[in-house]
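Source file: start32.tsv (TSV, C-alpha atoms)
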chain	number	residue	atom	x	y	z
A	75	MET	CA	60.91	-207.97	186.59
A	76	GLY	CA	58.82	-206.38	189.32
A	77	GLY	CA	58.94	-202.99	190.99
A	78	LEU	CA	58.65	-199.45	189.70
A	79	MET	CA	60.79	-197.93	187.01
A	80	ASP	CA	63.28	-195.18	187.77
A	81	LEU	CA	61.43	-192.73	185.54
A	82	GLU	CA	63.66	-189.78	186.35
A	83	GLY	CA	66.76	-191.83	185.56
A	84	ILE	CA	65.23	-193.13	182.34
A	85	ARG	CA	64.34	-189.63	181.13
A	86	ALA	CA	67.90	-188.52	181.81
A	87	ASP	CA	69.08	-191.17	179.34
A	88	PHE	CA	67.30	-189.46	176.41
A	89	PRO	CA	69.11	-186.31	175.25
A	90	ILE	CA	66.27	-185.10	173.01
A	91	LEU	CA	63.92	-184.75	175.98
A	92	LYS	CA	65.97	-181.76	177.11
A	93	ARG	CA	65.14	-179.68	174.05
A	94	LEU	CA	62.49	-177.00	173.65
A	95	VAL	CA	59.82	-176.80	170.93
A	96	HIS	CA	58.30	-173.36	170.35
A	97	GLY	CA	59.96	-172.32	173.59
A	98	LYS	CA	58.31	-175.08	175.61
A	99	PRO	CA	59.69	-178.38	176.93
A	100	LEU	CA	59.23	-181.17	174.43
A	101	ILE	CA	56.46	-183.63	175.29
A	102	TYR	CA	56.93	-186.48	172.86
A	103	LEU	CA	53.75	-188.50	172.35
A	104	ASP	CA	54.31	-189.86	168.85
A	105	ASN	CA	55.90	-193.13	169.92
A	106	ALA	CA	53.72	-195.37	167.76
A	107	ALA	CA	55.34	-193.71	164.73
A	108	THR	CA	58.91	-193.80	166.06
A	109	THR	CA	60.61	-193.62	169.45
A	110	GLN	CA	63.43	-191.52	170.80
A	111	LYS	CA	66.88	-193.01	171.42
A	112	PRO	CA	68.76	-193.34	174.69
A	113	ARG	CA	72.37	-192.25	174.95
A	114	SER	CA	73.55	-195.88	174.98
A	115	VAL	CA	72.06	-196.49	171.52
A	116	ILE	CA	73.47	-193.25	170.12
A	117	ASP	CA	76.88	-194.10	171.57
A	118	ALA	CA	76.78	-197.63	170.15
A	119	LEU	CA	76.22	-196.20	166.68
A	120	SER	CA	79.08	-193.73	167.03
A	121	ARG	CA	81.38	-196.28	168.64
A	122	PHE	CA	80.92	-198.68	165.74
A	123	TYR	CA	81.90	-196.09	163.16
A	124	GLU	CA	84.79	-194.86	165.27
A	125	ASN	CA	86.28	-198.27	166.07
A	126	HIS	CA	84.92	-201.16	164.00
A	127	ASN	CA	83.62	-199.87	160.67
A	128	ALA	CA	84.05	-202.54	157.97
A	129	ASN	CA	81.94	-204.79	155.78
A	130	ILE	CA	80.92	-208.13	157.24
A	131	HIS	CA	81.04	-211.85	156.41
A	132	ARG	CA	83.58	-211.49	153.62
A	133	GLY	CA	86.73	-210.00	155.08
A	134	VAL	CA	89.65	-211.69	156.80
A	135	HIS	CA	90.99	-208.61	158.56
A	136	THR	CA	90.40	-207.62	162.17
A	137	LEU	CA	87.84	-204.88	161.59
A	138	SER	CA	85.69	-207.13	159.42
A	139	ASP	CA	85.84	-209.89	162.01
A	140	GLU	CA	84.84	-207.45	164.76
A	141	ALA	CA	81.97	-206.00	162.72
A	142	THR	CA	80.71	-209.48	161.85
A	143	GLN	CA	80.82	-210.55	165.47
A	144	LEU	CA	78.89	-207.45	166.60
A	145	VAL	CA	76.14	-208.02	164.03
A	146	GLU	CA	75.80	-211.69	164.90
A	147	GLU	CA	75.69	-210.78	168.60
A	148	ALA	CA	72.79	-208.43	167.79
A	149	ARG	CA	71.07	-211.26	165.91
A	150	ALA	CA	71.45	-213.56	168.93
A	151	LYS	CA	70.06	-210.83	171.22
A	152	THR	CA	67.07	-210.44	168.90
A	153	ALA	CA	66.39	-214.17	168.95
A	154	ALA	CA	66.54	-214.21	172.75
A	155	PHE	CA	64.32	-211.12	172.97
A	156	ILE	CA	61.48	-212.81	171.08
A	157	GLY	CA	62.03	-216.32	172.43
A	158	ALA	CA	63.36	-217.82	169.19
A	159	SER	CA	65.56	-220.87	169.73
A	160	LYS	CA	67.93	-220.28	166.79
A	161	PRO	CA	69.57	-217.00	165.68
A	162	GLN	CA	69.47	-218.17	162.05
A	163	THR	CA	65.69	-217.76	162.12
A	164	ILE	CA	66.23	-214.00	162.49
A	165	VAL	CA	66.51	-212.10	159.20
A	166	PHE	CA	67.48	-208.43	159.33
A	167	THR	CA	65.48	-206.25	156.94
A	168	ARG	CA	65.09	-202.50	156.54
A	169	ASN	CA	61.87	-202.44	158.58
A	170	ALA	CA	58.71	-204.43	159.32
A	171	THR	CA	57.30	-203.36	155.95
A	172	GLU	CA	60.15	-205.04	154.11
A	173	ALA	CA	59.84	-208.11	156.32
A	174	ILE	CA	56.17	-208.56	155.38
A	175	ASN	CA	56.89	-207.89	151.72
A	176	LEU	CA	59.63	-210.52	151.89
A	177	ILE	CA	57.11	-213.10	153.08
A	178	ALA	CA	54.57	-212.13	150.42
A	179	TYR	CA	57.22	-212.31	147.71
A	180	ALA	CA	59.40	-215.25	148.75
A	181	TRP	CA	56.73	-217.43	150.35
A	182	GLY	CA	53.46	-216.20	148.85
A	183	ARG	CA	54.53	-216.14	145.24
A	184	LYS	CA	55.99	-219.63	145.52
A	185	PHE	CA	53.28	-221.40	147.47
A	186	LEU	CA	49.97	-219.56	146.85
A	187	GLY	CA	47.65	-219.63	143.86
A	188	PRO	CA	44.10	-218.79	142.70
A	189	GLN	CA	42.47	-221.43	144.91
A	190	ASP	CA	44.07	-220.07	148.08
A	191	GLU	CA	42.97	-217.46	150.61
A	192	VAL	CA	44.86	-215.08	152.90
A	193	LEU	CA	42.94	-213.96	155.98
A	194	LEU	CA	43.64	-210.41	157.18
A	195	THR	CA	41.80	-208.00	159.50
A	196	GLU	CA	40.00	-204.68	159.11
A	197	MET	CA	42.55	-202.92	161.31
A	198	GLU	CA	45.75	-203.73	159.41
A	199	HIS	CA	48.43	-201.17	158.67
A	200	HIS	CA	48.95	-200.71	154.93
A	201	SER	CA	52.22	-202.63	155.31
A	202	ASN	CA	50.24	-205.78	156.13
A	203	LEU	CA	47.59	-205.10	153.51
A	204	VAL	CA	49.09	-203.75	150.29
A	205	PRO	CA	51.68	-206.57	149.84
A	206	TRP	CA	48.81	-209.09	149.91
A	207	GLN	CA	46.75	-206.96	147.52
A	208	MET	CA	49.71	-207.00	145.13
A	209	LEU	CA	49.97	-210.77	145.50
A	210	SER	CA	46.24	-211.13	144.93
A	211	ARG	CA	46.44	-209.10	141.74
A	212	GLU	CA	49.37	-211.14	140.46
A	213	LYS	CA	48.45	-214.67	141.58
A	214	GLY	CA	44.68	-214.53	141.99
A	215	VAL	CA	44.84	-215.20	145.73
A	216	ARG	CA	41.60	-214.28	147.50
A	217	LEU	CA	41.77	-211.90	150.46
A	218	ARG	CA	39.29	-212.18	153.29
A	219	PHE	CA	38.97	-209.97	156.35
A	220	VAL	CA	38.16	-210.46	160.02
A	221	PRO	CA	35.95	-207.60	161.26
A	222	MET	CA	36.29	-205.77	164.54
A	223	THR	CA	33.72	-205.38	167.28
A	224	ALA	CA	31.86	-202.14	167.97
A	225	ASP	CA	34.41	-201.17	170.63
A	226	GLY	CA	37.39	-201.77	168.33
A	227	ARG	CA	38.57	-205.25	169.28
A	228	LEU	CA	39.27	-208.05	166.83
A	229	ASP	CA	36.19	-210.26	166.49
A	230	VAL	CA	37.71	-213.65	167.27
A	231	GLU	CA	34.40	-215.47	166.91
A	232	ALA	CA	33.98	-214.04	163.41
A	233	ALA	CA	37.49	-215.19	162.56
A	234	GLY	CA	36.44	-218.74	163.40
A	235	ARG	CA	33.52	-218.44	160.99
A	236	ILE	CA	35.47	-216.85	158.15
A	237	ILE	CA	38.51	-219.12	158.06
A	238	THR	CA	38.15	-222.01	155.58
A	239	PRO	CA	40.20	-224.98	154.37
A	240	LYS	CA	41.31	-222.68	151.56
A	241	THR	CA	42.97	-220.30	154.05
A	242	LYS	CA	46.75	-220.70	153.76
A	243	LEU	CA	47.86	-217.73	155.86
A	244	VAL	CA	46.36	-215.63	158.66
A	245	ALA	CA	48.24	-212.30	158.80
A	246	PHE	CA	47.29	-209.90	161.60
A	247	THR	CA	48.52	-207.15	163.86
A	248	ALA	CA	49.26	-207.98	167.49
A	249	ALA	CA	48.30	-204.44	168.52
A	250	SER	CA	46.49	-201.82	166.47
A	251	ASN	CA	48.44	-198.65	165.76
A	252	VAL	CA	45.14	-196.72	165.66
A	253	LEU	CA	42.85	-198.28	168.25
A	254	GLY	CA	45.46	-199.60	170.66
A	255	SER	CA	43.55	-202.91	170.66
A	256	LEU	CA	45.53	-205.94	171.78
A	257	THR	CA	44.91	-209.07	169.73
A	258	PRO	CA	44.64	-212.42	171.55
A	259	VAL	CA	47.56	-213.67	169.49
A	260	GLU	CA	47.64	-217.24	170.76
A	261	LYS	CA	43.94	-217.72	169.96
A	262	ILE	CA	44.43	-216.54	166.37
A	263	THR	CA	47.57	-218.59	165.74
A	264	ALA	CA	45.83	-221.66	167.23
A	265	LEU	CA	42.84	-221.04	164.97
A	266	ALA	CA	45.17	-220.84	161.96
A	267	ARG	CA	47.00	-224.01	162.91
A	268	ALA	CA	43.76	-225.93	163.55
A	269	ASN	CA	42.71	-225.10	160.00
A	270	GLY	CA	46.03	-225.99	158.39
A	271	ALA	CA	47.06	-222.38	157.82
A	272	LEU	CA	50.24	-220.51	158.69
A	273	SER	CA	50.29	-217.35	160.79
A	274	LEU	CA	52.08	-214.02	160.39
A	275	VAL	CA	52.11	-211.63	163.34
A	276	ASP	CA	52.84	-207.94	162.78
A	277	ALA	CA	54.37	-207.16	166.17
A	278	SER	CA	55.44	-203.60	165.36
A	279	GLN	CA	53.20	-202.14	168.09
A	280	TRP	CA	53.71	-205.00	170.54
A	281	ALA	CA	57.44	-205.76	170.58
A	282	PRO	CA	58.46	-202.36	172.07
A	283	HIS	CA	55.96	-202.47	174.90
A	284	ARG	CA	55.30	-205.89	176.41
A	285	PRO	CA	56.87	-209.34	176.65
A	286	MET	CA	56.31	-211.84	173.85
A	287	SER	CA	57.57	-215.23	172.75
A	288	VAL	CA	57.29	-216.76	169.30
A	289	SER	CA	57.33	-220.20	170.92
A	290	ALA	CA	54.45	-219.32	173.27
A	291	TRP	CA	52.56	-217.63	170.44
A	292	ASN	CA	53.34	-220.60	168.17
A	293	CYS	CA	53.46	-218.29	165.16
A	294	ASP	CA	55.12	-219.09	161.84
A	295	PHE	CA	56.29	-215.60	160.88
A	296	LEU	CA	56.77	-212.41	162.89
A	297	ALA	CA	57.79	-208.88	161.86
A	298	PHE	CA	58.72	-205.71	163.74
A	299	SER	CA	60.89	-202.59	163.44
A	300	SER	CA	63.86	-201.33	165.42
A	301	HIS	CA	62.94	-197.64	165.33
A	302	LYS	CA	59.74	-198.18	167.30
A	303	MET	CA	61.68	-199.69	170.21
A	304	LEU	CA	64.50	-197.21	170.95
A	305	GLY	CA	66.66	-198.47	168.07
A	306	PRO	CA	67.80	-196.76	164.87
A	307	THR	CA	65.84	-196.41	161.66
A	308	GLY	CA	66.82	-198.56	158.71
A	309	ILE	CA	66.62	-202.00	160.32
A	310	GLY	CA	63.76	-204.38	160.99
A	311	VAL	CA	63.30	-208.01	161.89
A	312	LEU	CA	61.69	-211.00	160.23
A	313	TYR	CA	61.38	-214.18	162.23
A	314	GLY	CA	60.36	-217.35	160.41
A	315	ARG	CA	60.26	-221.01	161.27
A	316	GLU	CA	63.47	-222.56	160.02
A	317	GLU	CA	61.77	-225.10	157.74
A	318	LEU	CA	59.66	-222.36	156.13
A	319	LEU	CA	62.61	-220.06	155.49
A	320	ASP	CA	64.55	-223.01	154.07
A	321	ALA	CA	61.75	-223.74	151.61
A	322	MET	CA	61.48	-220.14	150.39
A	323	ASP	CA	63.43	-218.70	147.47
A	324	PRO	CA	65.67	-215.65	147.99
A	325	PHE	CA	63.98	-212.27	148.04
A	326	MET	CA	66.83	-210.40	146.31
A	327	GLY	CA	69.95	-211.44	144.46
A	328	GLY	CA	73.47	-210.15	145.05
A	329	GLY	CA	76.41	-210.51	147.33
A	330	ASP	CA	76.34	-212.56	150.53
A	331	MET	CA	73.05	-214.33	149.72
A	332	ILE	CA	74.89	-216.87	147.58
A	333	SER	CA	76.98	-219.95	148.26
A	334	ARG	CA	78.34	-220.40	144.72
A	335	VAL	CA	77.77	-218.46	141.50
A	336	PHE	CA	78.34	-219.59	137.91
A	337	LEU	CA	77.62	-217.67	134.74
A	338	GLU	CA	74.30	-219.43	134.26
A	339	ARG	CA	73.19	-220.26	137.82
A	340	PHE	CA	73.76	-219.84	141.54
A	341	THR	CA	73.37	-221.74	144.78
A	342	PRO	CA	71.79	-219.73	147.64
A	343	ASN	CA	73.52	-219.28	150.97
A	344	VAL	CA	72.39	-220.79	154.26
A	345	LEU	CA	70.01	-219.06	156.64
A	346	PRO	CA	69.69	-216.25	157.39
A	347	HIS	CA	72.11	-214.91	154.80
A	348	LYS	CA	69.97	-216.21	151.93
A	349	PHE	CA	67.65	-213.27	152.59
A	350	GLU	CA	70.25	-210.58	153.33
A	351	ALA	CA	71.61	-209.61	149.93
A	352	GLY	CA	74.23	-206.89	149.71
A	353	THR	CA	75.77	-204.79	152.45
A	354	PRO	CA	73.29	-204.65	155.34
A	355	SER	CA	72.68	-201.86	157.86
A	356	ILE	CA	75.66	-202.95	159.91
A	357	ALA	CA	75.92	-200.05	162.34
A	358	ASP	CA	72.14	-200.01	162.79
A	359	ALA	CA	72.12	-203.71	163.66
A	360	VAL	CA	74.80	-203.12	166.28
A	361	SER	CA	72.98	-200.16	167.85
A	362	PHE	CA	69.70	-202.10	167.72
A	363	GLY	CA	71.46	-204.64	169.93
A	364	ALA	CA	72.11	-201.80	172.38
A	365	ALA	CA	68.41	-200.89	172.30
A	366	LEU	CA	67.48	-204.47	173.15
A	367	ASP	CA	69.95	-204.37	176.04
A	368	TYR	CA	68.28	-201.20	177.34
A	369	LEU	CA	64.76	-202.62	177.10
A	370	THR	CA	65.84	-205.85	178.73
A	371	CYS	CA	67.48	-203.96	181.59
A	372	VAL	CA	64.38	-201.84	182.27
A	373	GLY	CA	62.05	-204.82	181.81
A	374	LEU	CA	59.15	-205.06	179.38
A	375	SER	CA	56.71	-205.98	182.14
A	376	ARG	CA	57.59	-202.75	183.93
A	377	ILE	CA	57.21	-200.80	180.70
A	378	ALA	CA	53.78	-202.34	180.05
A	379	ALA	CA	52.60	-201.55	183.59
A	380	HIS	CA	53.85	-197.95	183.32
A	381	GLU	CA	52.12	-197.42	179.98
A	382	GLU	CA	48.90	-198.90	181.33
A	383	SER	CA	48.88	-196.37	184.18
A	384	LEU	CA	49.40	-193.51	181.71
A	385	THR	CA	46.68	-194.82	179.40
A	386	ARG	CA	44.21	-195.31	182.24
A	387	ARG	CA	44.68	-191.74	183.41
A	388	ALA	CA	44.44	-190.36	179.87
A	389	LEU	CA	41.21	-192.25	179.20
A	390	GLU	CA	39.72	-190.98	182.48
A	391	LEU	CA	40.51	-187.40	181.53
A	392	PHE	CA	39.41	-187.73	177.92
A	393	LYS	CA	36.09	-189.26	179.00
A	394	ALA	CA	35.29	-186.15	181.04
A	395	GLU	CA	35.85	-183.80	178.09
A	396	PRO	CA	32.76	-182.83	176.07
A	397	GLY	CA	32.97	-183.01	172.30
A	398	VAL	CA	35.81	-185.53	172.30
A	399	GLN	CA	35.53	-188.95	170.65
A	400	VAL	CA	38.03	-191.64	171.67
A	401	TYR	CA	38.35	-194.79	169.55
A	402	GLY	CA	39.13	-198.31	170.70
A	403	PRO	CA	38.50	-200.30	173.89
A	404	GLN	CA	38.09	-198.44	177.17
A	405	ASP	CA	39.46	-201.33	179.23
A	406	THR	CA	43.20	-200.81	179.62
A	407	SER	CA	43.75	-204.55	179.92
A	408	GLU	CA	42.64	-204.85	176.30
A	409	ARG	CA	44.66	-202.00	174.81
A	410	GLY	CA	48.15	-200.57	174.65
A	411	GLY	CA	49.30	-197.01	175.12
A	412	VAL	CA	47.82	-195.64	171.87
A	413	ILE	CA	44.88	-193.23	172.03
A	414	SER	CA	43.24	-192.02	168.82
A	415	PHE	CA	40.70	-189.25	169.22
A	416	ASN	CA	38.85	-186.45	167.47
A	417	ILE	CA	37.60	-183.12	168.74
A	418	GLU	CA	34.17	-182.33	167.36
A	419	GLY	CA	34.37	-179.70	164.62
A	420	VAL	CA	38.19	-179.65	164.50
A	421	HIS	CA	40.23	-181.40	161.82
A	422	ALA	CA	42.84	-183.80	163.18
A	423	HIS	CA	45.63	-181.93	161.37
A	424	ASP	CA	44.59	-178.70	163.09
A	425	VAL	CA	44.69	-180.54	166.41
A	426	GLY	CA	48.20	-181.76	165.69
A	427	THR	CA	49.36	-178.26	164.74
A	428	ALA	CA	47.81	-176.70	167.83
A	429	PHE	CA	49.42	-179.28	170.09
A	430	ASP	CA	52.79	-178.67	168.47
A	431	LEU	CA	52.57	-175.02	169.47
A	432	GLU	CA	52.35	-176.31	173.06
A	433	GLY	CA	55.50	-178.39	172.56
A	434	ILE	CA	53.48	-181.62	172.31
A	435	ALA	CA	54.28	-184.02	169.47
A	436	ILE	CA	51.35	-186.20	168.41
A	437	ARG	CA	50.36	-187.81	165.09
A	438	ALA	CA	47.42	-186.76	162.90
A	439	GLY	CA	45.97	-188.42	159.81
A	440	HIS	CA	44.93	-191.90	158.72
A	441	HIS	CA	48.01	-193.57	160.26
A	442	CYS	CA	48.48	-195.80	157.19
A	443	CYS	CA	45.11	-197.40	157.94
A	444	GLN	CA	42.73	-195.88	155.39
A	445	PRO	CA	40.32	-198.86	155.32
A	446	LEU	CA	40.04	-198.66	159.11
A	447	MET	CA	39.27	-194.94	158.87
A	448	MET	CA	36.50	-195.77	156.40
A	449	ARG	CA	35.18	-198.30	158.89
A	450	LEU	CA	35.21	-195.61	161.61
A	451	LYS	CA	33.63	-193.15	159.13
A	452	VAL	CA	36.26	-190.47	159.75
A	453	PRO	CA	38.93	-188.97	157.45
A	454	GLY	CA	41.53	-189.37	160.17
A	455	THR	CA	42.26	-189.01	163.86
A	456	ALA	CA	44.67	-187.33	166.21
A	457	ARG	CA	46.79	-189.90	168.04
A	458	ALA	CA	48.81	-189.75	171.24
A	459	SER	CA	51.01	-192.73	172.04
A	460	PHE	CA	53.01	-193.35	175.20
A	461	TYR	CA	56.32	-195.00	176.02
A	462	LEU	CA	58.58	-195.71	178.95
A	463	TYR	CA	59.87	-192.12	179.27
A	464	ASN	CA	56.46	-190.41	179.38
A	465	THR	CA	54.97	-189.13	182.63
A	466	LEU	CA	51.58	-188.52	184.24
A	467	GLU	CA	52.38	-184.81	184.13
A	468	GLU	CA	52.67	-185.10	180.36
A	469	VAL	CA	49.27	-186.78	180.23
A	470	GLU	CA	47.84	-183.82	182.14
A	471	ALA	CA	49.54	-181.43	179.70
A	472	LEU	CA	48.06	-183.40	176.77
A	473	VAL	CA	44.53	-182.92	178.08
A	474	ALA	CA	45.18	-179.26	178.89
A	475	ALA	CA	46.24	-178.76	175.28
A	476	LEU	CA	43.09	-180.56	174.16
A	477	ARG	CA	40.92	-178.16	176.16
A	478	LYS	CA	42.80	-175.14	174.86
A	479	THR	CA	42.49	-176.34	171.28
A	480	ARG	CA	38.78	-177.15	171.57
A	481	ASP	CA	37.97	-173.81	173.21
A	482	PHE	CA	39.95	-171.88	170.60
A	483	PHE	CA	38.12	-173.47	167.68
A	484	LEU	CA	34.75	-173.18	169.42
A	485	ARG	CA	35.30	-169.43	169.82
A	486	ARG	CA	36.22	-169.13	166.15
A	487	ALA	CA	33.09	-171.02	165.15
A	488	ALA	CA	30.79	-168.98	167.38
A	489	PRO	CA	28.63	-166.40	165.56
A	490	VAL	CA	29.68	-162.75	165.99
A	491	GLY	CA	27.26	-160.28	167.59
Using structure tokens, write down the structure from this file.
Amino acid sequence: MGGLMDLEGIRADFPILKRLVHGKPLIYLDNAATTQKPRSVIDALSRFYENHNANIHRGVHTLSDEATQLVEEARAKTAAFIGASKPQTIVFTRNATEAINLIAYAWGRKFLGPQDEVLLTEMEHHSNLVPWQMLSREKGVRLRFVPMTADGRLDVEAAGRIITPKTKLVAFTAASNVLGSLTPVEKITALARANGALSLVDASQWAPHRPMSVSAWNCDFLAFSSHKMLGPTGIGVLYGREELLDAMDPFMGGGDMISRVFLERFTPNVLPHKFEAGTPSIADAVSFGAALDYLTCVGLSRIAAHEESLTRRALELFKAEPGVQVYGPQDTSERGGVISFNIEGVHAHDVGTAFDLEGIAIRAGHHCCQPLMMRLKVPGTARASFYLYNTLEEVEALVAALRKTRDFFLRRAAPVG
């Protein structure tokens, strides 16, 4: 979709943006951690509990039928959103973390062994690192890592040198939650396929912000979370190629993931139910469908263009500030709306606290990327991250808070007398 967004109308859709923090209007710039929810998503959650609340897939009464239909409609919307041809290739999980763990457990433990390698990157979130470390410890799988360039982009040429015939999976983030770097996904999945390996894309920081298609990317697995894209917490998405999901064993045992059960054995259910044991997050799935409707209506291309304009302006302003280090690419065509930075002589947590006093919500710490922090040789960073409801005025306020914070700590550090 072309054209500009109705930013004023969009902001009116988010009730929380009307609140004050420390007596000042909330400026919410912690979107890489979680996003705020529009009224339509909040209403969808309430409407489900008020009108349709029942368990799914196993009842014959009206409410159960309605609840089942709403969940399966959300699954179909999810498939369409990511360009998957079949809804049964969409597995609902608690979050992207669980989706990646599911792959490591149900695929990795069945098909990988001591002679195999999993190729990761230096910029992975712990959720796409620790599950593979656990698998390596248990099965002897070797982990190898693609480095990043000096300006914080994935080194694609190095990936081509590191991948080997022993590589069985290339698991990587589509967009860094620290550096904002955008990965050339199709190049990496093509590299994996050319070497006989599968690919797993962590799209947690991509799916909320810009168009994507699993068919265009030609990836084998994909994971992302609802709460980072206007939806509720407690639900995530795993996409997998149908033949791969069919070949995998169930992740958990219990109700709904079975076809038949005997005292000594069971037969697993068909996809995707084989991987959805027990009562799922029914209301969250339904309201996630509402979030997808909202994003589709606004248009991901519009959202991406809006975020790029905010990021460009923020980088221009940050660059002019002395004593401020910004991490990641400077070219906005190579990064998303995530800016990690440090103020010389000021701990990132102090920066986050000072910004909060100005009503500005940012993130501070290692962002679940401790190895990347070691690579950057810092204990952590402050991080501002933009979304569709943020404004250029909020970018200006962010930099004003930066100046105020820097000047305050410089005065405190100055010798007396």
Can you pull out the residues contacting A:Asp87? Cut-off 9 Å, using all atoms listed in the file, and skip same-chain residues under 4 positions away; I want them as a ChimeraX atom specification. /A:82-83,91,111-114
Point-to-point distance in Å for atom CA of A:Lys348 and atom CA of A:Ala180: 11.1 Å
Point-to-point distance from atom CA of A:Ser355 to atom CA of A:Phe460, Å rounded to tenths: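 Interatomic distance here is 27.6 Å.
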Between A:Ser201, A:Thr353, A:Gln279, A:Thr427, single out the one closest to A:Gln444, counting only C-alpha atoms.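 So, comparing all the options, the nearest one is A:Ser201.
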Residues of stretch 109-219 of chain A at most 6 Å from stretch 280-299 of chain A: nearest atom pair and distance in Å, all atoms listed in the file, as a tab-separated table:
residue	atom	partner	partner_atom	distance
A:Ile156	CA	A:Ser287	CA	4.9
A:Gly157	CA	A:Ser287	CA	4.6
A:Asn169	CA	A:Ser299	CA	5.0
A:Ala170	CA	A:Phe298	CA	4.6
A:Ala173	CA	A:Ala297	CA	6.0
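In terms of minimum interatomic distance to A:Ser120, A:Ala357 ranks closest within A:Ala379, A:Ala357, A:Ala456, A:Ala268, counting all atoms listed in the file.
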A straight line from atom CA of A:Leu318 to atom CA of A:Leu369 spans 29.2 Å
Identify, on the basis of all atoms listed in the file, every residue whose closest approach to A:Trp181 does not exceed 10 Å; exclude the query and any residue fewer than 2 positions from it along the same chain; express the result as a list in words.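 The residues that qualify are Asn175, Leu176, Ile177, Ala178, Tyr179, Arg183, Lys184, Phe185, Leu186, Leu318, Leu319, Ala321, Met322, Asp323, Pro324 and Phe325 of chain A.
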Need to verify the contact set: stretch 483-486 of chain A, 12 Å, all atoms listed in the file, exclusion of same-chain residues closer than 2 positions in sequence. Can you return it as a ChimeraX atom specification? /A:396-397,417-421,424-425,428,476-481,488-490
Write out as a ChimeraX atom specification which residues come within 12 Å of A:Thr223 when counting only C-alpha atoms, dropping same-chain ones fewer than 3 positions away. /A:195-197,220,226-233,253,255,401-403,449-450
Please produce a file of those selected residues containing C-alpha atoms, as a PDB file, in the frame of the given file.
ATOM      1  CA  THR A 195      41.800-208.000 159.500  1.00  0.00           C
ATOM      2  CA  GLU A 196      40.000-204.680 159.110  1.00  0.00           C
ATOM      3  CA  MET A 197      42.550-202.920 161.310  1.00  0.00           C
ATOM      4  CA  VAL A 220      38.160-210.460 160.020  1.00  0.00           C
ATOM      5  CA  GLY A 226      37.390-201.770 168.330  1.00  0.00           C
ATOM      6  CA  ARG A 227      38.570-205.250 169.280  1.00  0.00           C
ATOM      7  CA  LEU A 228      39.270-208.050 166.830  1.00  0.00           C
ATOM      8  CA  ASP A 229      36.190-210.260 166.490  1.00  0.00           C
ATOM      9  CA  VAL A 230      37.710-213.650 167.270  1.00  0.00           C
ATOM     10  CA  GLU A 231      34.400-215.470 166.910  1.00  0.00           C
ATOM     11  CA  ALA A 232      33.980-214.040 163.410  1.00  0.00           C
ATOM     12  CA  ALA A 233      37.490-215.190 162.560  1.00  0.00           C
ATOM     13  CA  LEU A 253      42.850-198.280 168.250  1.00  0.00           C
ATOM     14  CA  SER A 255      43.550-202.910 170.660  1.00  0.00           C
ATOM     15  CA  TYR A 401      38.350-194.790 169.550  1.00  0.00           C
ATOM     16  CA  GLY A 402      39.130-198.310 170.700  1.00  0.00           C
ATOM     17  CA  PRO A 403      38.500-200.300 173.890  1.00  0.00           C
ATOM     18  CA  ARG A 449      35.180-198.300 158.890  1.00  0.00           C
ATOM     19  CA  LEU A 450      35.210-195.610 161.610  1.00  0.00           C
TER      20      LEU A 450
END
Just need the box for stretch 382-389 of chain A, edges along x, y and z, holding every atom the file lists for it with 3 Å tacked onto each side, so centre and edge lengths in Å to one decimal, as AutoDock Vina command-line options.
--center_x 45.3 --center_y -194.6 --center_z 181.7 --size_x 14.2 --size_y 14.5 --size_z 11.0
Provide stretch 283-291 of chain A rebuilt to N, CA and C atoms, formatted as a CSV table (one decimal), in the coordinates of the input.
chain,number,residue,atom,x,y,z
A,283,HIS,N,56.7,-202.8,173.7
A,283,HIS,CA,56.0,-202.5,174.9
A,283,HIS,C,55.7,-203.6,175.9
A,284,ARG,N,55.7,-204.8,175.5
A,284,ARG,CA,55.3,-205.9,176.4
A,284,ARG,C,56.0,-207.2,176.0
A,285,PRO,N,56.2,-208.1,177.0
A,285,PRO,CA,56.9,-209.3,176.6
A,285,PRO,C,56.1,-210.1,175.6
A,286,MET,N,56.9,-210.9,174.8
A,286,MET,CA,56.3,-211.8,173.8
A,286,MET,C,57.3,-213.0,173.6
A,287,SER,N,56.8,-214.1,173.1
A,287,SER,CA,57.6,-215.2,172.8
A,287,SER,C,57.0,-215.9,171.5
A,288,VAL,N,57.8,-216.1,170.5
A,288,VAL,CA,57.3,-216.8,169.3
A,288,VAL,C,57.0,-218.2,169.6
A,289,SER,N,57.6,-218.8,170.6
A,289,SER,CA,57.3,-220.2,170.9
A,289,SER,C,56.0,-220.3,171.7
A,290,ALA,N,55.7,-219.3,172.6
A,290,ALA,CA,54.4,-219.3,173.3
A,290,ALA,C,53.3,-219.0,172.3
A,291,TRP,N,53.6,-218.0,171.4
A,291,TRP,CA,52.6,-217.6,170.4
A,291,TRP,C,52.4,-218.7,169.4
